[in-house]
file coords.tsv (TSV, C-alpha atoms and all ligand atoms)
chain	number	residue	atom	x	y	z
A	1	MET	CA	145.46	78.99	183.09
A	2	LYS	CA	147.65	78.06	180.12
A	3	VAL	CA	146.95	79.09	176.53
A	4	LEU	CA	148.77	77.80	173.45
A	5	ALA	CA	148.36	80.13	170.46
A	6	LEU	CA	149.27	80.21	166.79
A	7	GLU	CA	149.76	83.18	164.48
A	8	THR	CA	149.95	82.65	160.71
A	9	SER	CA	148.08	85.62	159.26
A	10	CYS	CA	150.85	86.65	156.87
A	11	ASP	CA	154.44	85.52	156.39
A	12	ASP	CA	155.65	84.89	159.94
A	13	THR	CA	154.86	81.71	161.83
A	14	GLY	CA	154.34	82.42	165.52
A	15	VAL	CA	153.64	79.98	168.35
A	16	ALA	CA	153.43	80.96	172.02
A	17	LEU	CA	152.52	79.52	175.38
A	18	LEU	CA	151.03	81.94	177.89
A	19	ASP	CA	150.30	81.34	181.55
A	20	ARG	CA	147.69	83.96	182.49
A	21	ASP	CA	149.10	84.18	186.00
A	22	ARG	CA	152.82	83.89	185.30
A	23	GLY	CA	153.21	85.52	181.87
A	24	ILE	CA	154.75	84.31	178.61
A	25	LEU	CA	156.32	80.86	179.13
A	26	ALA	CA	157.64	80.60	175.56
A	27	SER	CA	157.17	82.49	172.32
A	28	VAL	CA	158.86	81.76	169.00
A	29	LEU	CA	158.65	83.33	165.59
A	30	ALA	CA	159.94	81.88	162.32
A	31	SER	CA	160.50	84.59	159.73
A	32	GLN	CA	160.01	83.86	156.04
A	33	VAL	CA	161.80	87.00	154.88
A	34	GLU	CA	164.42	85.08	152.87
A	35	ILE	CA	161.69	83.38	150.75
A	36	HIS	CA	159.65	86.46	149.90
A	37	THR	CA	162.56	88.90	149.45
A	38	LEU	CA	163.31	87.15	146.15
A	39	PHE	CA	159.86	88.19	144.89
A	40	GLY	CA	159.76	91.70	146.38
A	41	GLY	CA	156.62	90.89	148.40
A	42	VAL	CA	154.77	88.06	150.13
A	43	VAL	CA	153.71	85.17	147.85
A	44	PRO	CA	150.60	83.70	149.58
A	45	GLU	CA	151.02	80.08	148.47
A	46	LEU	CA	154.69	79.99	149.47
A	47	ALA	CA	153.81	81.54	152.83
A	48	ALA	CA	151.14	78.90	153.46
A	49	ARG	CA	153.47	76.03	152.53
A	50	ARG	CA	156.15	77.33	154.89
A	51	HIS	CA	153.63	77.64	157.75
A	52	LEU	CA	152.74	74.00	157.13
A	53	GLU	CA	156.39	72.98	157.49
A	54	THR	CA	157.17	75.05	160.58
A	55	LEU	CA	154.05	74.85	162.76
A	56	LEU	CA	154.68	71.39	164.20
A	57	PRO	CA	158.38	71.84	165.10
A	58	LEU	CA	157.68	75.30	166.57
A	59	THR	CA	154.79	73.95	168.65
A	60	ASN	CA	156.99	71.16	170.00
A	61	GLN	CA	159.72	73.70	170.78
A	62	VAL	CA	157.33	76.03	172.63
A	63	LEU	CA	155.80	73.22	174.71
A	64	LYS	CA	159.30	71.99	175.61
A	65	GLU	CA	160.59	75.47	176.50
A	66	GLY	CA	157.43	76.14	178.50
A	67	GLY	CA	157.75	72.79	180.34
A	68	THR	CA	154.14	71.98	179.45
A	69	SER	CA	152.46	69.07	177.68
A	70	LEU	CA	149.60	69.62	175.25
A	71	GLU	CA	147.27	67.92	177.75
A	72	GLU	CA	148.11	70.57	180.36
A	73	VAL	CA	147.03	73.43	178.09
A	74	ASP	CA	143.59	74.85	179.02
A	75	CYS	CA	142.68	76.32	175.67
A	76	LEU	CA	144.08	77.05	172.23
A	77	GLY	CA	143.98	80.33	170.35
A	78	VAL	CA	144.52	80.99	166.66
A	79	THR	CA	144.40	84.03	164.38
A	80	VAL	CA	141.42	83.69	162.03
A	81	LYS	CA	141.31	87.19	160.44
A	82	PRO	CA	142.33	89.47	158.79
A	83	GLY	CA	145.16	88.19	156.62
A	84	LEU	CA	146.16	86.00	153.69
A	85	VAL	CA	143.53	83.28	153.45
A	86	PRO	CA	145.92	80.41	152.53
A	87	SER	CA	148.14	81.29	155.53
A	88	LEU	CA	145.18	81.63	157.90
A	89	LEU	CA	143.74	78.30	156.71
A	90	VAL	CA	146.94	76.43	157.50
A	91	GLY	CA	147.03	77.90	161.03
A	92	LEU	CA	143.37	77.22	161.71
A	93	SER	CA	143.47	73.65	160.35
A	94	PHE	CA	146.54	72.89	162.47
A	95	ALA	CA	144.89	74.43	165.54
A	96	LYS	CA	141.69	72.46	164.98
A	97	ALA	CA	143.66	69.21	164.70
A	98	LEU	CA	145.51	69.96	167.97
A	99	ALA	CA	142.32	70.96	169.78
A	100	PHE	CA	140.46	67.89	168.53
A	101	GLY	CA	143.37	65.60	169.42
A	102	VAL	CA	143.43	66.60	173.09
A	103	ASN	CA	139.79	67.66	173.36
A	104	LYS	CA	140.48	71.31	174.30
A	105	PRO	CA	138.50	74.43	173.37
A	106	LEU	CA	139.71	76.61	170.50
A	107	ILE	CA	139.22	80.38	170.35
A	108	GLY	CA	139.54	82.31	167.04
A	109	VAL	CA	141.26	85.70	167.37
A	110	ASP	CA	141.26	88.85	165.23
A	111	HIS	CA	144.83	89.92	164.44
A	112	LEU	CA	144.12	93.65	164.94
A	113	GLU	CA	142.58	93.00	168.33
A	114	ALA	CA	145.64	90.92	169.18
A	115	HIS	CA	147.99	93.80	168.24
A	116	THR	CA	145.82	96.20	170.25
A	117	PHE	CA	146.14	94.04	173.38
A	118	ALA	CA	149.84	93.14	172.97
A	119	HIS	CA	150.68	95.83	175.55
A	120	PHE	CA	148.48	94.05	178.11
A	121	LEU	CA	151.04	91.22	178.23
A	122	HIS	CA	153.32	93.78	179.79
A	123	GLU	CA	150.88	96.07	181.63
A	124	GLU	CA	147.08	96.44	181.73
A	125	ILE	CA	145.57	99.76	180.67
A	126	PRO	CA	142.20	101.15	181.79
A	127	PHE	CA	139.41	101.43	179.19
A	128	PRO	CA	138.51	103.33	177.10
A	129	PHE	CA	141.57	104.04	174.96
A	130	LEU	CA	142.45	104.80	171.36
A	131	SER	CA	144.38	102.04	169.61
A	132	LEU	CA	146.59	102.90	166.65
A	133	VAL	CA	147.59	99.70	164.84
A	134	VAL	CA	150.37	100.43	162.35
A	135	SER	CA	151.84	97.47	160.51
A	136	GLY	CA	152.75	96.21	157.05
A	137	GLY	CA	149.12	95.48	156.26
A	138	HIS	CA	147.20	97.97	158.42
A	139	THR	CA	146.94	101.54	159.59
A	140	SER	CA	143.85	101.62	161.75
A	141	LEU	CA	142.71	103.82	164.58
A	142	PHE	CA	140.19	102.22	166.94
A	143	LEU	CA	138.23	103.38	169.93
A	144	VAL	CA	138.39	100.49	172.40
A	145	LYS	CA	135.66	100.29	175.04
A	146	GLU	CA	136.72	96.84	176.23
A	147	LEU	CA	138.14	93.62	174.84
A	148	GLY	CA	135.64	92.57	172.18
A	149	GLU	CA	134.22	96.05	171.73
A	150	MET	CA	136.28	98.22	169.41
A	151	TYR	CA	135.17	100.62	166.70
A	152	ILE	CA	137.00	102.10	163.71
A	153	VAL	CA	137.73	105.80	164.04
A	154	GLY	CA	140.01	105.98	161.00
A	155	GLN	CA	141.90	103.72	158.62
A	156	THR	CA	144.13	103.99	155.60
A	157	ARG	CA	142.43	104.53	152.27
A	158	ASP	CA	145.40	103.12	150.35
A	159	ASP	CA	148.82	101.98	151.56
A	160	ALA	CA	149.49	100.91	155.14
A	161	ALA	CA	152.23	102.84	156.96
A	162	GLY	CA	154.56	99.81	157.03
A	163	GLU	CA	153.92	99.17	153.35
A	164	ALA	CA	155.01	102.77	152.62
A	165	PHE	CA	158.23	102.19	154.62
A	166	ASP	CA	158.86	98.98	152.65
A	167	LYS	CA	158.28	100.67	149.26
A	168	ILE	CA	160.51	103.66	150.01
A	169	ALA	CA	163.25	101.36	151.33
A	170	LYS	CA	163.07	99.47	148.02
A	171	LEU	CA	163.34	102.75	146.09
A	172	LEU	CA	166.40	103.71	148.14
A	173	HIS	CA	167.91	100.19	147.67
A	174	LEU	CA	167.92	99.66	151.42
A	175	GLY	CA	166.41	96.13	151.43
A	176	TYR	CA	163.36	94.44	152.97
A	177	PRO	CA	161.62	94.83	155.42
A	178	GLY	CA	162.01	98.56	155.01
A	179	GLY	CA	160.89	99.84	158.41
A	180	PRO	CA	163.87	98.83	160.56
A	181	VAL	CA	166.44	99.89	157.96
A	182	ILE	CA	164.80	103.29	157.32
A	183	ASP	CA	164.61	103.81	161.08
A	184	LYS	CA	168.36	103.14	161.35
A	185	THR	CA	169.38	105.09	158.22
A	186	ALA	CA	167.21	108.08	159.21
A	187	ARG	CA	169.25	108.57	162.41
A	188	GLU	CA	172.10	109.92	160.24
A	189	GLY	CA	169.83	112.23	158.19
A	190	ASN	CA	168.10	115.60	158.42
A	191	PRO	CA	164.30	115.05	158.69
A	192	TYR	CA	163.63	118.46	157.13
A	193	ALA	CA	166.13	118.17	154.24
A	194	VAL	CA	163.46	117.22	151.67
A	195	LYS	CA	160.10	118.97	151.69
A	196	LEU	CA	157.36	116.32	151.58
A	197	PRO	CA	153.56	116.56	151.99
A	198	ARG	CA	151.75	115.71	155.24
A	199	PRO	CA	148.56	114.04	153.95
A	200	MET	CA	146.06	114.87	156.72
A	201	LEU	CA	142.72	114.35	154.88
A	202	SER	CA	140.88	117.08	156.72
A	203	GLY	CA	137.34	116.25	157.77
A	204	SER	CA	138.20	112.58	158.31
A	205	TRP	CA	140.35	110.53	160.68
A	206	ASP	CA	141.35	108.29	157.77
A	207	PHE	CA	144.95	108.10	156.54
A	208	SER	CA	146.50	108.05	153.07
A	209	PHE	CA	150.14	107.31	152.34
A	210	SER	CA	150.21	106.68	148.59
A	211	GLY	CA	150.54	110.42	147.77
A	212	LEU	CA	153.53	110.70	150.07
A	213	LYS	CA	155.14	107.71	148.37
A	214	THR	CA	154.50	109.33	144.94
A	215	ALA	CA	156.02	112.61	146.19
A	216	VAL	CA	159.22	110.75	147.14
A	217	VAL	CA	159.31	108.98	143.75
A	218	GLN	CA	158.81	112.28	141.91
A	219	HIS	CA	161.45	114.02	143.98
A	220	VAL	CA	163.95	111.27	143.14
A	221	LYS	CA	163.03	111.59	139.43
A	222	ARG	CA	163.51	115.37	139.48
A	223	SER	CA	166.79	115.34	141.37
A	224	PRO	CA	168.25	111.84	140.92
A	225	LEU	CA	169.63	110.43	144.11
A	226	ASP	CA	173.01	108.71	144.16
A	227	ILE	CA	172.35	105.58	146.22
A	228	ASN	CA	176.03	105.55	147.17
A	229	ASP	CA	175.72	109.02	148.69
A	230	GLY	CA	175.07	108.02	152.29
A	231	LYS	CA	174.12	111.54	153.39
A	232	ALA	CA	171.56	112.02	150.59
A	233	VAL	CA	169.97	108.62	151.25
A	234	ALA	CA	169.85	109.31	155.00
A	235	ASP	CA	168.25	112.74	154.40
A	236	MET	CA	165.57	111.20	152.19
A	237	ALA	CA	164.92	108.35	154.66
A	238	ALA	CA	164.69	110.82	157.56
A	239	SER	CA	162.41	113.23	155.65
A	240	PHE	CA	160.06	110.43	154.58
A	241	GLN	CA	159.97	108.95	158.10
A	242	MET	CA	159.23	112.36	159.63
A	243	ALA	CA	156.32	112.90	157.21
A	244	VAL	CA	154.75	109.53	158.19
A	245	VAL	CA	155.40	110.08	161.90
A	246	GLU	CA	153.93	113.60	161.94
A	247	VAL	CA	150.73	112.45	160.23
A	248	LEU	CA	150.30	109.46	162.58
A	249	VAL	CA	151.01	111.55	165.68
A	250	GLU	CA	148.91	114.59	164.76
A	251	LYS	CA	145.84	112.63	163.65
A	252	THR	CA	145.90	110.29	166.63
A	253	VAL	CA	146.37	113.07	169.17
A	254	MET	CA	143.65	115.18	167.51
A	255	ALA	CA	141.23	112.22	167.51
A	256	ALA	CA	141.92	111.55	171.21
A	257	GLN	CA	141.18	115.19	172.02
A	258	HIS	CA	138.10	115.26	169.79
A	259	TYR	CA	136.54	112.19	171.44
A	260	GLY	CA	137.82	113.01	174.94
A	261	ILE	CA	139.82	109.77	175.25
A	262	PRO	CA	142.78	110.21	177.65
A	263	ARG	CA	144.88	107.20	176.59
A	264	ILE	CA	146.55	106.05	173.36
A	265	VAL	CA	148.01	102.61	172.69
A	266	VAL	CA	150.24	102.15	169.63
A	267	SER	CA	151.01	98.67	168.26
A	268	GLY	CA	152.03	96.76	165.11
A	269	GLY	CA	155.45	96.51	163.46
A	270	VAL	CA	155.73	100.27	162.81
A	271	ALA	CA	155.22	100.92	166.56
A	272	ALA	CA	158.83	99.74	166.93
A	273	ASN	CA	159.91	102.90	165.05
A	274	SER	CA	162.12	105.03	167.29
A	275	SER	CA	160.96	108.36	165.84
A	276	LEU	CA	157.27	107.43	166.17
A	277	ARG	CA	157.84	106.34	169.77
A	278	SER	CA	159.59	109.55	170.81
A	279	HIS	CA	157.38	112.00	168.89
A	280	MET	CA	154.10	110.36	169.91
A	281	LYS	CA	155.14	110.35	173.57
A	282	GLU	CA	156.30	113.96	173.51
A	283	ARG	CA	153.27	115.31	171.66
A	284	ALA	CA	150.64	113.29	173.55
A	285	GLU	CA	152.13	113.98	176.96
A	286	HIS	CA	152.29	117.68	176.12
A	287	GLU	CA	148.50	117.50	175.61
A	288	GLY	CA	148.01	115.64	178.90
A	289	LEU	CA	147.35	112.28	177.21
A	290	GLN	CA	148.92	109.01	178.28
A	291	VAL	CA	150.60	106.94	175.58
A	292	PHE	CA	151.65	103.29	175.67
A	293	PHE	CA	153.89	101.28	173.33
A	294	PRO	CA	154.49	97.56	173.81
A	295	PRO	CA	158.15	96.57	174.10
A	296	PRO	CA	159.56	96.37	170.51
A	297	GLU	CA	159.49	92.53	170.44
A	298	LEU	CA	155.72	92.59	171.08
A	299	CYS	CA	155.06	95.26	168.39
A	300	SER	CA	155.59	93.04	165.36
A	301	ASP	CA	153.66	89.85	164.71
A	302	ASN	CA	153.84	87.28	167.50
A	303	ALA	CA	151.61	84.59	168.95
A	304	ALA	CA	151.80	85.77	172.57
A	305	MET	CA	149.36	88.59	171.79
A	306	VAL	CA	146.99	86.03	170.22
A	307	ALA	CA	147.26	83.91	173.38
A	308	TYR	CA	146.40	86.97	175.49
A	309	VAL	CA	143.13	87.64	173.63
A	310	ALA	CA	142.21	83.93	173.44
A	311	GLY	CA	142.84	83.48	177.18
A	312	TYR	CA	140.81	86.58	178.09
A	313	ARG	CA	137.87	85.42	175.97
A	314	PHE	CA	138.11	81.85	177.32
A	315	ALA	CA	138.22	83.11	180.93
A	316	ARG	CA	134.97	84.98	180.47
A	317	GLY	CA	133.25	81.88	179.11
A	318	GLU	CA	133.49	82.28	175.35
A	319	ARG	CA	133.74	79.11	173.26
A	320	HIS	CA	133.98	78.91	169.48
A	321	SER	CA	132.21	76.18	167.55
A	322	PRO	CA	134.11	73.57	165.50
A	323	ASP	CA	132.98	75.20	162.24
A	324	LEU	CA	135.19	78.25	163.00
A	325	ASP	CA	136.39	79.74	159.69
A	326	VAL	CA	138.91	82.31	158.45
A	327	ALA	CA	138.35	85.67	156.69
A	328	SER	CA	140.62	88.00	154.75
A	329	ARG	CA	139.09	91.07	156.44
A	330	SER	CA	137.86	92.13	159.86
A	331	ASN	CA	134.34	93.46	160.22
A	332	TYR	CA	134.60	96.31	162.73
A	333	SER	CA	131.93	99.02	162.64
A	334	ARG	CA	132.76	102.70	162.35
A	335	TYR	CA	132.54	104.61	165.61
A	336	GLU	CA	129.39	106.68	165.82
A	337	PRO	CA	129.27	108.68	169.05
B	401	LIG	O1	153.02	93.92	162.59
B	401	LIG	P1	153.97	93.41	161.56
B	401	LIG	O2	155.15	92.57	162.02
B	401	LIG	O3	153.25	92.59	160.46
B	401	LIG	C1	152.02	92.93	159.91
B	401	LIG	O4	150.97	92.60	160.54
B	401	LIG	O5	152.05	93.58	158.84
B	401	LIG	O6	154.52	94.70	160.76
B	401	LIG	C2	155.49	94.60	159.76
B	401	LIG	C3	155.77	96.00	159.23
B	401	LIG	C4	156.70	96.04	158.02
B	401	LIG	O7	156.13	96.84	157.02
B	401	LIG	C5	157.97	96.67	158.58
B	401	LIG	O8	158.69	97.41	157.60
B	401	LIG	C6	157.41	97.56	159.67
B	401	LIG	O9	156.37	96.80	160.25
B	401	LIG	N1	158.41	97.88	160.69
B	401	LIG	C7	158.83	99.14	160.94
B	401	LIG	C8	159.84	99.04	161.93
B	401	LIG	N2	159.97	97.72	162.27
B	401	LIG	C9	159.07	97.03	161.49
B	401	LIG	N3	158.46	100.31	160.39
B	401	LIG	C10	159.09	101.43	160.84
B	401	LIG	N4	160.07	101.41	161.76
B	401	LIG	C11	160.47	100.25	162.34
B	401	LIG	N5	161.44	100.26	163.27
B	402	ZN	ZN	150.46	92.25	162.38
call {"tool": "encode", "arguments": {"input": "coords.tsv", "output": "structure tokens"}}
result
Amino acid sequence: MKVLALETSCDDTGVALLDRDRGILASVLASQVEIHTLFGGVVPELAARRHLETLLPLTNQVLKEGGTSLEEVDCLGVTVKPGLVPSLLVGLSFAKALAFGVNKPLIGVDHLEAHTFAHFLHEEIPFPFLSLVVSGGHTSLFLVKELGEMYIVGQTRDDAAGEAFDKIAKLLHLGYPGGPVIDKTAREGNPYAVKLPRPMLSGSWDFSFSGLKTAVVQHVKRSPLDINDGKAVADMAASFQMAVVEVLVEKTVMAAQHYGIPRIVVSGGVAANSSLRSHMKERAEHEGLQVFFPPPELCSDNAAMVAYVAGYRFARGERHSPDLDVASRSNYSRYEP
């Protein structure tokens, strides 16, 4: 069964073709980084206009690479929430036009569910598991009972983990997006050089990263950092990264133990972070928990993960009506054991 899927929830345009038996036939991603860098953040209208320009050529490219015509596709999938509404609307309208044109079913997909199941493109994992989605827009911990049944265990009360990486990278004049460059810079630094808080929010599985960001800003104000001093910048990057990583690892492992869930899946752009990958694995395995990270290229936004969820839902008989709409937020319930 072949699924063509589109991902336009934020500033990357993704299109992918998945064969449920053979794997990913083609998957492309057009980054808009050069547009939004000028503004220091994503400008929703510009993002939507760029999706409009790129969706058709990317779709043609994916169908060609995948050696498939639109008529041979069994169903279409598209991200409908959460995200920037103008971007989501462009993706959904385009998907509806394609689906209507060739009379194929269209399945709307939640972006956080898609991240959660990205690892399944590579390897299936038994249920239940804890899913930590860490990206530029989200830091959410879910308990996943099966595809379509996931509950919030914890989420960020302010900044997302990736957002914190991006802001600190800006402060250190390292460029955008901040995650990959902090990851690289931190390799040369001492993660315990600068003492930073570990915001754990006791009594809750929620996260908070804005205090950590403020602590870095205050530290830089107190002892000004020479951005040309490579060692000082690397020490700050490494110390900040270690603070984020320790909080993510400790809270996730503690939640898994608390709820008696033996498996953890980490996804989203920040899941590509080398320190998070090694520390989470070491700590979780020490506690007898299994931990899974998708390959780095499936961590950040992509349409293959959307195709996976759409195909799974289609295979079990789900169909979405033509009045399918978008939403800026997801509507998951809190987990209540
Ligand atoms: O999942 P994603 O591509 O898009 C969203 O849904 O937000 O995540 C993008 C985020 C950015 O904030 C970026 O800085 C962060 O993921 N990121 C990383 C790394 N690679 C990307 N953060 C830390 N370490 C990385 N290696
Ligand atoms: Zn994402």
call {"tool": "atom_distance", "arguments": {"input": "coords.tsv", "atom1": "atom CA of A:Val309", "atom2": "atom CA of A:Phe127"}}
result
15.3 Å
call {"tool": "residues_near_ligand", "arguments": {"input": "coords.tsv", "ligand": "ligand LIG 401 (chain B)", "cutoff": "6 Å", "atoms": "all atoms listed in the file", "output": "PyMOL selection string"}}
result
chain A and resi 135-137+162-163+165-166+177-180+183+268-270+272-273+300-301
call {"tool": "residues_near_ligand", "arguments": {"input": "coords.tsv", "ligand": "ligand ZN 402 (chain B)", "cutoff": "12 Å", "atoms": "only C-alpha atoms and all ligand atoms", "output": "ChimeraX atom specification"}}
result
/A:7-14,79,81-84,110-118,133-140,160,162-163,267-271,298-303,305-306
call {"tool": "atom_distance", "arguments": {"input": "coords.tsv", "atom1": "atom CA of A:Ala310", "atom2": "atom CA of A:Ile107"}}
result
5.6 Å
call {"tool": "atom_distance", "arguments": {"input": "coords.tsv", "atom1": "atom CA of A:Glu72", "atom2": "atom CA of A:Asp19"}}
result
11.1 Å
call {"tool": "closest_atom_pairs", "arguments": {"input": "coords.tsv", "of": "stretch 301-326 of chain A", "to": "stretch 94-103 of chain A", "cutoff": "12 Å", "atoms": "all atoms listed in the file", "output": "tab-separated table"}}
result
residue	atom	partner	partner_atom	distance
A:His320	CA	A:Lys96	CA	11.0
A:Ser321	CA	A:Lys96	CA	10.5
A:Pro322	CA	A:Lys96	CA	7.7
A:Asp323	CA	A:Lys96	CA	9.5
A:Leu324	CA	A:Lys96	CA	8.9
A:Asp325	CA	A:Lys96	CA	10.4
call {"tool": "write_last_selection", "arguments": {"input": "coords.tsv", "atoms": "C-alpha atoms", "output": "PDB file, in the coordinates of the input"}}
result
ATOM      1  CA  HIS A 320     133.980  78.910 169.480  1.00  0.00           C
ATOM      2  CA  SER A 321     132.210  76.180 167.550  1.00  0.00           C
ATOM      3  CA  PRO A 322     134.110  73.570 165.500  1.00  0.00           C
ATOM      4  CA  ASP A 323     132.980  75.200 162.240  1.00  0.00           C
ATOM      5  CA  LEU A 324     135.190  78.250 163.000  1.00  0.00           C
ATOM      6  CA  ASP A 325     136.390  79.740 159.690  1.00  0.00           C
TER       7      ASP A 325
END
call {"tool": "closest_residue", "arguments": {"input": "coords.tsv", "among": "A:Ala307, A:Leu106, A:Ala164, A:Leu276", "to": "A:Leu25", "atoms": "only C-alpha atoms"}}
result
A:Ala307
call {"tool": "residues_around", "arguments": {"input": "coords.tsv", "residues": "A:Arg187", "least_positions_apart": "5", "cutoff": "12 Å", "atoms": "only C-alpha atoms", "output": "PyMOL selection string"}}
result
chain A and resi 180-182+230-231+233-239+241-242+273-275
call {"tool": "axis_aligned_box", "arguments": {"input": "coords.tsv", "around": "stretch 100-107 of chain A", "padding_each_side": "8 Å", "output": "JSON"}}
result
{"center_x": 141.0, "center_y": 73.0, "center_z": 171.4, "size_x": 20.9, "size_y": 30.8, "size_z": 21.8}
call {"tool": "closest_residue", "arguments": {"input": "coords.tsv", "among": "A:Arg319, A:Val15, A:Ile35, A:Ser210", "to": "A:Leu55", "atoms": "only C-alpha atoms"}}
result
A:Val15
call {"tool": "closest_residue", "arguments": {"input": "coords.tsv", "among": "A:Lys213, A:Lys104, A:Lys281, A:Lys64", "to": "A:Val244", "atoms": "all atoms listed in the file"}}
result
A:Lys213
call {"tool": "closest_residue", "arguments": {"input": "coords.tsv", "among": "A:Leu201, A:Leu121, A:Val73, A:Leu46", "to": "A:Pro294", "atoms": "only C-alpha atoms"}}
result
A:Leu121
call {"tool": "residues_around", "arguments": {"input": "coords.tsv", "residues": "A:Gly67", "least_positions_apart": "2", "cutoff": "12 Å", "atoms": "all atoms listed in the file", "output": "PyMOL selection string"}}
result
chain A and resi 2+17-19+25-26+60-65+69-73
call {"tool": "write_last_selection", "arguments": {"input": "coords.tsv", "atoms": "C-alpha atoms", "output": "PDB file, keeping the file's coordinate frame"}}
result
ATOM      1  CA  LYS A   2     147.650  78.060 180.120  1.00  0.00           C
ATOM      2  CA  LEU A  17     152.520  79.520 175.380  1.00  0.00           C
ATOM      3  CA  LEU A  18     151.030  81.940 177.890  1.00  0.00           C
ATOM      4  CA  ASP A  19     150.300  81.340 181.550  1.00  0.00           C
ATOM      5  CA  LEU A  25     156.320  80.860 179.130  1.00  0.00           C
ATOM      6  CA  ALA A  26     157.640  80.600 175.560  1.00  0.00           C
ATOM      7  CA  ASN A  60     156.990  71.160 170.000  1.00  0.00           C
ATOM      8  CA  GLN A  61     159.720  73.700 170.780  1.00  0.00           C
ATOM      9  CA  VAL A  62     157.330  76.030 172.630  1.00  0.00           C
ATOM     10  CA  LEU A  63     155.800  73.220 174.710  1.00  0.00           C
ATOM     11  CA  LYS A  64     159.300  71.990 175.610  1.00  0.00           C
ATOM     12  CA  GLU A  65     160.590  75.470 176.500  1.00  0.00           C
ATOM     13  CA  SER A  69     152.460  69.070 177.680  1.00  0.00           C
ATOM     14  CA  LEU A  70     149.600  69.620 175.250  1.00  0.00           C
ATOM     15  CA  GLU A  71     147.270  67.920 177.750  1.00  0.00           C
ATOM     16  CA  GLU A  72     148.110  70.570 180.360  1.00  0.00           C
ATOM     17  CA  VAL A  73     147.030  73.430 178.090  1.00  0.00           C
TER      18      VAL A  73
END
call {"tool": "closest_residue", "arguments": {"input": "coords.tsv", "among": "A:Arg20, A:Thr37, A:Leu141, A:Phe129", "to": "A:Tyr332", "atoms": "all atoms listed in the file"}}
result
A:Leu141
call {"tool": "residues_near_point", "arguments": {"input": "coords.tsv", "point": "(135.1, 96.8, 162.2)", "cutoff": "8 Å", "atoms": "all atoms listed in the file", "output": "NGL selection string"}}
result
:A and (150-152 or 330-334)
call {"tool": "closest_residue", "arguments": {"input": "coords.tsv", "among": "A:Val90, A:Ile264, A:Ala315, A:Ala232", "to": "A:Ala284", "atoms": "only C-alpha atoms"}}
result
A:Ile264
call {"tool": "residues_near_point", "arguments": {"input": "coords.tsv", "point": "(145.1, 112.1, 173.8)", "cutoff": "7 Å", "atoms": "all atoms listed in the file", "output": "list in words"}}
result
Val253, Ala256, Gln257, Ile261, Pro262, Arg263, Ile264, Ala284, Glu287, Gly288, Leu289 and Gln290 of chain A
call {"tool": "build_atoms", "arguments": {"input": "coords.tsv", "residues": "stretch 156-165 of chain A", "atoms": "N, CA, C and O atoms", "output": "PDB file, in the coordinates of the input"}}
result
ATOM      1  N   THR A 156     143.506 103.510 156.813  1.00  0.00           N
ATOM      2  CA  THR A 156     144.130 103.990 155.600  1.00  0.00           C
ATOM      3  C   THR A 156     143.225 103.743 154.393  1.00  0.00           C
ATOM      4  O   THR A 156     142.533 102.733 154.328  1.00  0.00           O
ATOM      5  N   ARG A 157     143.243 104.694 153.483  1.00  0.00           N
ATOM      6  CA  ARG A 157     142.430 104.530 152.270  1.00  0.00           C
ATOM      7  C   ARG A 157     143.255 103.884 151.164  1.00  0.00           C
ATOM      8  O   ARG A 157     142.729 103.553 150.116  1.00  0.00           O
ATOM      9  N   ASP A 158     144.562 103.763 151.383  1.00  0.00           N
ATOM     10  CA  ASP A 158     145.400 103.120 150.350  1.00  0.00           C
ATOM     11  C   ASP A 158     146.487 102.292 151.017  1.00  0.00           C
ATOM     12  O   ASP A 158     146.185 101.251 151.578  1.00  0.00           O
ATOM     13  N   ASP A 159     147.733 102.782 150.995  1.00  0.00           N
ATOM     14  CA  ASP A 159     148.820 101.980 151.560  1.00  0.00           C
ATOM     15  C   ASP A 159     148.810 102.015 153.089  1.00  0.00           C
ATOM     16  O   ASP A 159     148.441 103.015 153.695  1.00  0.00           O
ATOM     17  N   ALA A 160     149.275 100.919 153.685  1.00  0.00           N
ATOM     18  CA  ALA A 160     149.490 100.910 155.140  1.00  0.00           C
ATOM     19  C   ALA A 160     150.818 101.610 155.406  1.00  0.00           C
ATOM     20  O   ALA A 160     151.679 101.679 154.518  1.00  0.00           O
ATOM     21  N   ALA A 161     151.000 102.106 156.630  1.00  0.00           N
ATOM     22  CA  ALA A 161     152.230 102.840 156.960  1.00  0.00           C
ATOM     23  C   ALA A 161     153.467 101.960 156.739  1.00  0.00           C
ATOM     24  O   ALA A 161     154.454 102.402 156.131  1.00  0.00           O
ATOM     25  N   GLY A 162     153.405 100.707 157.191  1.00  0.00           N
ATOM     26  CA  GLY A 162     154.560  99.810 157.030  1.00  0.00           C
ATOM     27  C   GLY A 162     154.856  99.530 155.566  1.00  0.00           C
ATOM     28  O   GLY A 162     156.020  99.423 155.161  1.00  0.00           O
ATOM     29  N   GLU A 163     153.779  99.423 154.792  1.00  0.00           N
ATOM     30  CA  GLU A 163     153.920  99.170 153.350  1.00  0.00           C
ATOM     31  C   GLU A 163     154.672 100.351 152.705  1.00  0.00           C
ATOM     32  O   GLU A 163     155.536 100.154 151.843  1.00  0.00           O
ATOM     33  N   ALA A 164     154.337 101.573 153.141  1.00  0.00           N
ATOM     34  CA  ALA A 164     155.010 102.770 152.620  1.00  0.00           C
ATOM     35  C   ALA A 164     156.504 102.716 152.987  1.00  0.00           C
ATOM     36  O   ALA A 164     157.368 102.978 152.141  1.00  0.00           O
ATOM     37  N   PHE A 165     156.823 102.332 154.220  1.00  0.00           N
ATOM     38  CA  PHE A 165     158.230 102.190 154.620  1.00  0.00           C
ATOM     39  C   PHE A 165     158.929 101.170 153.709  1.00  0.00           C
ATOM     40  O   PHE A 165     160.050 101.400 153.246  1.00  0.00           O
TER      41      PHE A 165
END
